[in-house]
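The file start.cif contains mmCIF, C-alpha atoms:
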```cif
data_data
loop_
_atom_site.label_atom_id
_atom_site.label_comp_id
_atom_site.auth_asym_id
_atom_site.auth_seq_id
_atom_site.Cartn_x
_atom_site.Cartn_y
_atom_site.Cartn_z
CA MET A 1 12.74 -9.23 -19.54
CA PRO A 2 13.14 -12.71 -20.99
CA PRO A 3 10.34 -13.57 -23.44
CA ASP A 4 9.21 -16.62 -21.47
CA ALA A 5 8.96 -14.53 -18.27
CA ALA A 6 7.01 -11.81 -20.11
CA ALA A 7 4.61 -14.44 -21.46
CA ALA A 8 4.10 -15.86 -17.95
CA VAL A 9 3.43 -12.39 -16.49
CA LEU A 10 0.93 -11.59 -19.26
CA ALA A 11 -0.86 -14.92 -18.73
CA VAL A 12 -1.19 -14.31 -14.98
CA ALA A 13 -2.39 -10.73 -15.59
CA ARG A 14 -5.04 -11.83 -18.09
CA ALA A 15 -6.26 -14.61 -15.78
CA ASN A 16 -6.71 -12.09 -12.92
CA GLY A 17 -8.00 -9.15 -14.96
CA TRP A 18 -4.99 -6.93 -14.14
CA ALA A 19 -3.95 -4.11 -16.41
CA VAL A 20 -0.43 -4.55 -17.79
CA GLN A 21 1.78 -1.93 -19.34
CA ARG A 22 4.88 -3.24 -21.04
CA ASP A 23 7.80 -0.84 -21.31
CA GLU A 24 10.66 -1.98 -23.53
CA ARG A 25 12.88 1.08 -23.01
CA THR A 26 16.24 0.52 -21.34
CA THR A 27 15.10 2.79 -18.48
CA PRO A 28 11.33 2.28 -18.21
CA ALA A 29 9.08 4.81 -16.51
CA VAL A 30 7.95 3.83 -13.02
CA ARG A 31 5.05 5.44 -11.15
CA ALA A 32 4.32 5.26 -7.45
CA GLY A 33 1.78 2.54 -6.78
CA ASP A 34 2.92 0.30 -9.66
CA VAL A 35 3.88 -3.33 -9.28
CA VAL A 36 7.04 -3.74 -11.36
CA VAL A 37 8.44 -6.96 -12.81
CA ALA A 38 11.95 -6.46 -14.19
CA THR A 39 15.36 -8.01 -14.46
CA ALA A 40 17.81 -6.94 -11.81
CA ALA A 41 20.00 -5.22 -14.41
CA CYS A 42 17.06 -3.23 -15.80
CA TRP A 43 15.96 -2.12 -12.33
CA ALA A 44 19.51 -1.04 -11.47
CA ALA A 45 19.51 1.11 -14.63
CA VAL A 46 16.20 2.71 -13.60
CA CYS A 47 17.55 3.54 -10.14
CA VAL A 48 20.79 5.01 -11.52
CA ALA A 49 19.13 7.00 -14.33
CA ALA A 50 16.61 8.88 -12.21
CA GLU A 51 14.99 9.28 -8.85
CA ALA A 52 12.38 6.63 -9.54
CA PRO A 53 9.42 6.66 -7.15
CA ALA A 54 9.17 3.58 -4.99
CA PRO A 55 6.81 1.08 -6.60
CA ARG A 56 4.16 -0.62 -4.51
CA GLY A 57 5.80 -3.93 -5.32
CA LEU A 58 8.93 -5.04 -7.11
CA LEU A 59 9.63 -8.52 -8.47
CA LEU A 60 13.18 -8.91 -9.73
CA LEU A 61 14.05 -11.75 -12.07
CA ASP A 62 17.69 -12.58 -11.57
CA ALA A 63 20.12 -15.33 -12.38
CA CYS A 64 21.98 -14.72 -9.10
CA SER A 65 20.69 -14.38 -5.55
CA GLY A 66 22.78 -11.40 -4.41
CA ALA A 67 20.65 -8.43 -3.31
CA THR A 68 21.38 -4.92 -4.41
CA ALA A 69 20.97 -1.91 -2.16
CA ALA A 70 18.46 -0.30 -4.51
CA ALA A 71 16.23 -3.34 -4.40
CA ALA A 72 16.23 -4.14 -0.69
CA ASP A 73 12.40 -4.40 -0.58
CA ALA A 74 12.19 -6.44 -3.75
CA VAL A 75 10.96 -9.98 -4.04
CA ARG A 76 13.72 -11.81 -5.87
CA LEU A 77 13.12 -14.80 -8.11
CA ALA A 78 15.73 -16.82 -9.98
CA TRP A 79 14.95 -16.92 -13.69
CA PRO A 80 14.68 -19.03 -15.71
CA GLY A 81 12.37 -20.68 -13.26
CA GLU A 82 8.90 -22.08 -12.87
CA ALA A 83 6.01 -20.06 -14.27
CA ASP A 84 3.81 -21.17 -11.34
CA LEU A 85 6.24 -19.68 -8.83
CA LEU A 86 6.35 -16.46 -10.85
CA ALA A 87 2.54 -16.36 -10.84
CA SER A 88 2.28 -16.89 -7.07
CA ARG A 89 4.91 -14.22 -6.29
CA LEU A 90 3.18 -11.76 -8.60
CA ALA A 91 -0.19 -12.48 -6.97
CA GLN A 92 1.36 -11.82 -3.54
CA LEU A 93 2.66 -8.44 -4.70
CA MET A 94 -0.67 -7.46 -6.21
CA ALA A 95 -2.41 -8.35 -2.95
CA ALA A 96 0.09 -6.35 -0.87
CA PRO A 97 -1.58 -3.51 1.00
CA ALA A 98 -1.34 -0.01 -0.42
CA LEU A 99 -1.09 1.28 3.17
CA ARG A 100 1.83 0.53 5.46
CA LEU A 101 1.76 2.16 8.87
CA ASP A 102 4.87 2.83 10.96
CA ALA A 103 3.33 3.70 14.33
CA VAL A 104 6.69 4.72 15.85
CA SER A 105 7.42 7.48 13.33
CA ARG A 106 3.67 8.07 12.71
CA THR A 107 4.14 7.79 8.96
CA VAL A 108 2.15 5.87 6.43
CA ARG A 109 3.57 4.57 3.19
CA TYR A 110 0.67 5.20 0.82
CA ARG A 111 0.98 4.58 -2.91
CA GLY A 112 4.73 4.95 -2.75
CA GLN A 113 4.73 8.20 -0.75
CA ASP A 114 5.35 8.88 2.94
CA VAL A 115 2.46 10.67 4.68
CA HIS A 116 2.94 12.10 8.17
CA LEU A 117 0.05 11.63 10.61
CA THR A 118 -0.82 13.21 13.93
CA PRO A 119 -0.80 10.83 16.92
CA LYS A 120 -4.61 10.66 16.94
CA GLU A 121 -4.82 10.03 13.19
CA CYS A 122 -2.24 7.29 13.61
CA ARG A 123 -4.26 5.59 16.36
CA ILE A 124 -7.47 5.78 14.30
CA LEU A 125 -5.75 4.31 11.25
CA GLN A 126 -4.16 1.57 13.36
CA ALA A 127 -7.59 0.60 14.73
CA LEU A 128 -9.02 0.50 11.19
CA LEU A 129 -6.05 -1.46 9.82
CA ASP A 130 -6.37 -4.02 12.62
CA ARG A 131 -9.90 -4.74 11.39
CA THR A 132 -9.54 -4.16 7.64
CA GLY A 133 -12.81 -4.87 5.88
CA GLN A 134 -14.82 -4.79 9.10
CA ALA A 135 -16.84 -1.98 10.63
CA VAL A 136 -15.25 -0.44 13.73
CA SER A 137 -17.60 1.22 16.20
CA ARG A 138 -17.34 4.91 17.09
CA GLU A 139 -16.80 3.92 20.71
CA THR A 140 -13.80 1.76 19.82
CA LEU A 141 -12.26 4.52 17.70
CA GLU A 142 -12.94 7.19 20.35
CA ALA A 143 -11.29 4.99 22.98
CA ALA A 144 -8.23 4.69 20.71
CA VAL A 145 -8.07 8.47 20.31
CA HIS A 146 -8.80 9.75 23.82
CA ALA A 147 -7.48 8.93 27.25
CA TRP A 148 -9.92 7.24 29.59
CA GLY A 149 -12.27 9.75 31.19
CA GLN A 150 -11.17 12.61 28.94
CA GLU A 151 -13.85 15.08 27.84
CA PHE A 152 -14.23 15.66 24.09
CA GLU A 153 -16.68 17.14 21.61
CA SER A 154 -19.15 14.84 19.85
CA ASN A 155 -17.68 15.50 16.38
CA THR A 156 -14.00 15.16 17.32
CA LEU A 157 -13.73 11.70 15.79
CA ASP A 158 -15.39 12.88 12.58
CA VAL A 159 -12.91 15.76 12.27
CA HIS A 160 -9.92 13.43 12.69
CA VAL A 161 -11.33 10.94 10.18
CA HIS A 162 -11.99 13.80 7.73
CA ARG A 163 -8.33 14.89 7.99
CA LEU A 164 -7.18 11.30 7.60
CA ARG A 165 -9.31 10.91 4.45
CA ARG A 166 -7.78 14.10 3.01
CA LYS A 167 -4.28 12.77 3.61
CA LEU A 168 -5.12 9.31 2.24
CA PRO A 169 -7.57 9.83 -0.63
CA ASP A 170 -9.00 6.64 -2.13
CA ALA A 171 -7.59 4.54 0.73
CA GLY A 172 -11.06 3.17 1.39
CA ILE A 173 -11.93 4.81 4.72
CA CYS A 174 -15.71 4.90 4.70
CA ALA A 175 -18.48 5.69 7.16
CA VAL A 176 -20.79 2.94 8.34
CA ARG A 177 -24.05 4.75 9.00
CA GLY A 178 -25.13 4.64 12.61
CA PHE A 179 -22.12 2.59 13.71
CA GLY A 180 -18.65 3.95 12.93
CA TYR A 181 -16.06 3.59 10.18
CA ALA A 182 -14.44 0.86 8.11
CA LEU A 183 -11.34 0.49 5.98
CA ARG A 184 -12.27 -1.17 2.69
CA PRO A 185 -9.24 -0.80 0.42
CA ARG A 186 -9.92 -0.35 -3.28
CA ARG A 187 -7.64 -2.18 -5.67
#
```
Whole structure, structure tokens version:
Amino acid sequence: MPPDAAAAVLAVARANGWAVQRDERTTPAVRAGDVVVATAACWAAVCVAAEAPAPRGLLLLDACSGATAAAADAVRLAWPGEADLLASRLAQLMAAPALRLDAVSRTVRYRGQDVHLTPKECRILQALLDRTGQAVSRETLEAAVHAWGQEFESNTLDVHVHRLRRKLPDAGICAVRGFGYALRPRR
């Protein structure tokens, strides 16, 4: 990475209290859940060298605007460029949700991994994602899970939420005593 870009990334990280790990190897190690800032050439080397896990976010610094197949989800930024633009793009990636739900295939992209959900787990998670940070009542979640007028046990919702928490540890699904559940993502 160009020295001026590295200095800008470090300045933004310090200002926001983010942990930064600098890897100067030609093929740096990438873990699922990381936000990676790299040159396009370096990222291409990582993808060719190994089956790198998908990072949570990828910011590619590039002199050209052509996208590569390996970096289809990447945010691309021409460099050299403005440090303020680099800072805003990096802040957007850091704020990107760790959970991405595909309701059609009933899969969640969580910390770089695909997690398959049952239809009921998917509907519960969708209801929680729609109101991230807010408490969702048991009645609302039960209505999302069951057809109207369907009989169900009193702890059915709790069982589904328990299974969802096992599949998505540390996602921030928490009980709101006497009311329901909330999704409060931890960063």
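Between Cys174 in chain A and the residues A:Glu142, A:Gln134, A:Thr156, A:Arg76, the shortest atom-to-atom distance, using all atoms listed in the file, involves A:Gln134.
Distances here use all atoms listed in the file; by that measure, the residue among A:Leu10, A:Leu85, A:Leu90, A:Leu141 closest to Val36 in chain A is A:Leu90.
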Straight-line distance linking CA of Val176 in chain A with CA of Val104 in chain A, stated in Å to one decimal
28.5 Å
Considering all atoms listed in the file, state which residue in the set A:Val20, A:Ala87, A:Ala182, A:Gln92 is at the smallest distance from Leu125 in chain A.
A:Ala182
One number please: CA of Val136 in chain A to CA of Thr107 in chain A, in Å, one decimal.
21.6 Å
Enter the distance from CA of Thr39 in chain A to CA of Leu93 in chain A, in Å, rounded to one decimal.
16.0 Å
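Within 12 Å of Val9 in chain A, once all atoms listed in the file are used and residues closer than 5 positions along the same chain are dropped, the contacting residues are Met1, Pro2, Pro3, Asp4, Arg14, Ala15, Asn16, Gly17, Trp18, Ala19, Val20, Gln21, Arg22, Val35, Val36, Val37, Ala38, Leu59, Leu61, Glu82, Ala83, Asp84, Leu85, Leu86, Ala87, Ser88, Arg89, Leu90 and Ala91 of chain A.
When the distance limit is 10 Å and only C-alpha atoms are what count, the residues near Thr140 in chain A, minus those fewer than 6 positions from it on the same chain, are Ile124, Ala127, Leu128 and Gly180 of chain A.
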Pull C-alpha atoms from the residues just selected and write them as a PDB file, in the frame of the given file.
```pdb
ATOM      1  CA  ILE A 124      -7.470   5.780  14.300  1.00  0.00           C
ATOM      2  CA  ALA A 127      -7.590   0.600  14.730  1.00  0.00           C
ATOM      3  CA  LEU A 128      -9.020   0.500  11.190  1.00  0.00           C
ATOM      4  CA  GLY A 180     -18.650   3.950  12.930  1.00  0.00           C
TER       5      GLY A 180
END
```
Please enumerate the residues selected by the PyMOL selection byres ((chain A and resi 103) around 12) when evaluated against the supplied file, formatted as a list in words.
Arg100, Leu101, Asp102, Val104, Ser105, Arg106, Thr107, Val108, Arg109, Val115, His116, Leu117, Thr118, Pro119, Lys120, Glu121, Cys122, Arg123, Ile124, Leu125, Gln126, Ala127 and Leu129 of chain A
Take the PyMOL selection byres ((chain A and resi 173) around 8), run it mentally on this structure, and tell me the resulting residues as a PyMOL selection string.
chain A and resi 165+170-172+174-175+181-185
Selection export as a PDB file, in the coordinates of the input, atoms kept: C-alpha atoms:
```
ATOM      1  CA  ARG A 165      -9.310  10.910   4.450  1.00  0.00           C
ATOM      2  CA  ASP A 170      -9.000   6.640  -2.130  1.00  0.00           C
ATOM      3  CA  ALA A 171      -7.590   4.540   0.730  1.00  0.00           C
ATOM      4  CA  GLY A 172     -11.060   3.170   1.390  1.00  0.00           C
ATOM      5  CA  CYS A 174     -15.710   4.900   4.700  1.00  0.00           C
ATOM      6  CA  ALA A 175     -18.480   5.690   7.160  1.00  0.00           C
ATOM      7  CA  TYR A 181     -16.060   3.590  10.180  1.00  0.00           C
ATOM      8  CA  ALA A 182     -14.440   0.860   8.110  1.00  0.00           C
ATOM      9  CA  LEU A 183     -11.340   0.490   5.980  1.00  0.00           C
ATOM     10  CA  ARG A 184     -12.270  -1.170   2.690  1.00  0.00           C
ATOM     11  CA  PRO A 185      -9.240  -0.800   0.420  1.00  0.00           C
TER      12      PRO A 185
END
```
The centre and edge lengths of an axis-aligned box containing all atoms of range 119-136 of chain A present in the file, extended by 5 Å on each side, are to be given in Å to one decimal, as lines of an AutoDock Vina configuration file.
```
center_x = -8.8
center_y = 3.0
center_z = 11.4
size_x = 26.0
size_y = 25.7
size_z = 21.1
```
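Residue nearest Val12 in chain A, chosen from A:Met94, A:Arg163, A:Asp114, A:Ser154 and counting only C-alpha atoms: A:Met94.
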